[in-house]
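S.K.: Shown below is the structure under consideration.
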Amino acid sequence: MDAGSEIIRLRNLCTAYEGERIPAIRNIDLSVSSGDFVCVVGPNGSGKTTLLETVNGILRFTSGLGEAFGLDITSNGNAIRRRVGYVIQNFEIDPFSPFLCKNVVMSGRAGKIGLLRFPDSRDWESVRRSMDLVGMSSYWGRPVGKLSGGEFQKILLARAMAQEPDIFLLDEPFANLDLRARSEVERLLSRIHADGSTLLMVSHEVNSIPRPCTHIVVMDGGRIISQGPKDEIIQSGIIGEILNMRRTRG
Ligand SMILES: Nc1ncnc2c1ncn2[C@@H]1O[C@H](COP(=O)(O)OP(=O)(O)O)[C@@H](O)[C@H]1O
Ligand SMILES: [Mg+2]
């Protein structure tokens, strides 16, 4: 992708869950361009995961315009998902999960491999490289069920990297991590960004924006209430207002 070209374009977009009258996200205007590192912050329930799943075409938007790579999201879901590295929120892993780290990372290449062939040496090389980059190569043959939260988060990142996507979507990449794991993951995101990748991440932690982030989007109640270049948003004081709002709400 050429630096600066628009990857995601949402205009007055709404997504309502089936049977719900009020959309979970409303009147969303958002652009993400190649090379951006966009951080969406907002309290729990503000619509962040819904936004990511709409961008990915997992959820169907109900009105407005939604495009990724210049394609309408609704009618090009599969093509879009092949180019999007989606790092799902790291929930508790089943401690008895039999899946090995190398296979979980390889599953990121499913779209590239397709149904008609098996992984070849190029695929395994890409898995090896991704696990090296996240510092997890010694976990190659270990079951994911035995990993700590931070280790599993790095495997999820390696899985997305093995896909060689044109944009990363990250859902709460710092949730459930201790301070050390958190700074490791932050360093990895910086590195992915420095290597020329585009990132759209969401987080409920308003007061800890990753350093290399270029743009901040603030969501509340399913709407974007503010967005702009990182420094502008931080100087505007809106982040402090949200923290105060939350304190007085209890
Ligand atoms: N499958 C669903 N069906 C109906 N409502 C949902 C569903 N998933 C989420 N919601 C609602 O949509 C809103 C936004 O949720 P979500 O996008 O998960 O927020 P966040 O990721 O910011 O915590 C919330 O009010 C939530 O209860
Ligand atoms: Mg969420």
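Residues in the structure tokens are numbered from 1 in each chain, the chains being A, B, ... in the order shown, and ligands are numbered from 1 in the order shown.
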Which protein, DNA or RNA residues have an atom within 8 Å of ligand 2, counting only C-alpha atoms and all ligand atoms, as an MDAnalysis selection string?
M.R.: chainID A and resid 44:45 47:50 89 171:172 202:204
S.K.: Env of Ile155 in chain A: 12 Å cut, atoms = only C-alpha atoms, seq-sep filter 3 positions within chain, self excluded. Answer as a ChimeraX atom specification.
M.R.: /A:87-88,90,99-108,127-128,130-140,142-145,147-152,158-162,173,185,188
S.K.: If you run DSSP on this backbone, which residues of range 127-181 of chain A come out as alpha helix (DSSP H), and could you give them as a PyMOL selection string?
M.R.: chain A and resi 127-133+149-162+179-181
S.K.: Using only C-alpha atoms and all ligand atoms, I'd like a table of the residues in chain A that come within 12 Å of ligand 1; for each, show the closest atom pair and its distance in Å rounded to one decimal, ordered by chain and ascending number, as a tab-separated table.
M.R.:
```
residue	atom	partner	partner_atom_place_in_ligand_line	distance
A:Cys14	CA	ligand 1	12 (O)	11.7
A:Thr15	CA	ligand 1	12 (O)	9.3
A:Ala16	CA	ligand 1	5 (N)	7.9
A:Tyr17	CA	ligand 1	4 (C)	5.0
A:Glu18	CA	ligand 1	3 (N)	6.8
A:Gly19	CA	ligand 1	4 (C)	7.9
A:Glu20	CA	ligand 1	4 (C)	6.7
A:Arg21	CA	ligand 1	4 (C)	10.1
A:Ile22	CA	ligand 1	12 (O)	9.3
A:Pro23	CA	ligand 1	12 (O)	7.8
A:Ala24	CA	ligand 1	12 (O)	4.5
A:Ile25	CA	ligand 1	14 (C)	7.1
A:Arg26	CA	ligand 1	14 (C)	10.6
A:Val40	CA	ligand 1	22 (O)	9.3
A:Val41	CA	ligand 1	22 (O)	8.2
A:Gly42	CA	ligand 1	22 (O)	6.3
A:Pro43	CA	ligand 1	22 (O)	6.1
A:Asn44	CA	ligand 1	23 (O)	3.7
A:Gly45	CA	ligand 1	19 (O)	3.5
A:Ser46	CA	ligand 1	22 (O)	3.9
A:Gly47	CA	ligand 1	17 (O)	3.3
A:Lys48	CA	ligand 1	22 (O)	3.7
A:Thr49	CA	ligand 1	21 (O)	3.7
A:Thr50	CA	ligand 1	17 (O)	3.7
A:Leu51	CA	ligand 1	17 (O)	6.4
A:Leu52	CA	ligand 1	17 (O)	8.2
A:Glu53	CA	ligand 1	17 (O)	8.4
A:Thr54	CA	ligand 1	17 (O)	9.7
A:Ile58	CA	ligand 1	1 (N)	11.5
A:Leu59	CA	ligand 1	1 (N)	9.5
A:Arg60	CA	ligand 1	1 (N)	11.9
A:Ile88	CA	ligand 1	21 (O)	11.0
A:Gln89	CA	ligand 1	21 (O)	9.4
A:Leu170	CA	ligand 1	21 (O)	11.2
A:Asp171	CA	ligand 1	21 (O)	7.9
A:Glu172	CA	ligand 1	21 (O)	8.5
A:Ala175	CA	ligand 1	23 (O)	11.9
A:Met201	CA	ligand 1	21 (O)	11.1
A:Val202	CA	ligand 1	21 (O)	7.9
A:Ser203	CA	ligand 1	22 (O)	7.9
A:His204	CA	ligand 1	22 (O)	7.0
A:Glu205	CA	ligand 1	22 (O)	10.8
A:Val206	CA	ligand 1	22 (O)	11.8
A:Val218	CA	ligand 1	22 (O)	10.7
A:Met219	CA	ligand 1	22 (O)	8.0
A:Asp220	CA	ligand 1	22 (O)	8.2
A:Gly221	CA	ligand 1	25 (O)	7.8
A:Gly222	CA	ligand 1	14 (C)	6.6
A:Arg223	CA	ligand 1	14 (C)	10.2
A:Ile224	CA	ligand 1	22 (O)	11.4
```
S.K.: Mind listing the strand (DSSP E) residues of range 6-246 of chain A, per DSSP on the backbone, as a PyMOL selection string?
M.R.: chain A and resi 6-15+25-33+37-41+63-68+71-72+84-87+167-171+199-203+215-220+223-229
S.K.: For a test of reading the model, state the distance in Å between CA of Cys213 in chain A and CA of Phe37 in chain A, rounded to one decimal.
M.R.: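 Atom-to-atom, CA of Cys213 in chain A and CA of Phe37 in chain A are spaced 4.8 Å apart.
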S.K.: What does the distance from CA of Gly4 in chain A to CA of Thr198 in chain A come to in Å, to one decimal?
M.R.: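 CA of Gly4 in chain A sits 10.0 Å away from CA of Thr198 in chain A.
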S.K.: Could you check which of A:Asn12, A:His215, A:His193, A:Leu157 is closest to Thr62 in chain A, using only C-alpha atoms?
M.R.: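 Among the listed residues, the smallest separation from Thr62 in chain A belongs to A:Asn12.
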S.K.: A:Gly111, A:Gly85, A:Gly196, A:Gly70: which is nearest Ser31 in chain A, counting only C-alpha atoms?
M.R.: A:Gly70
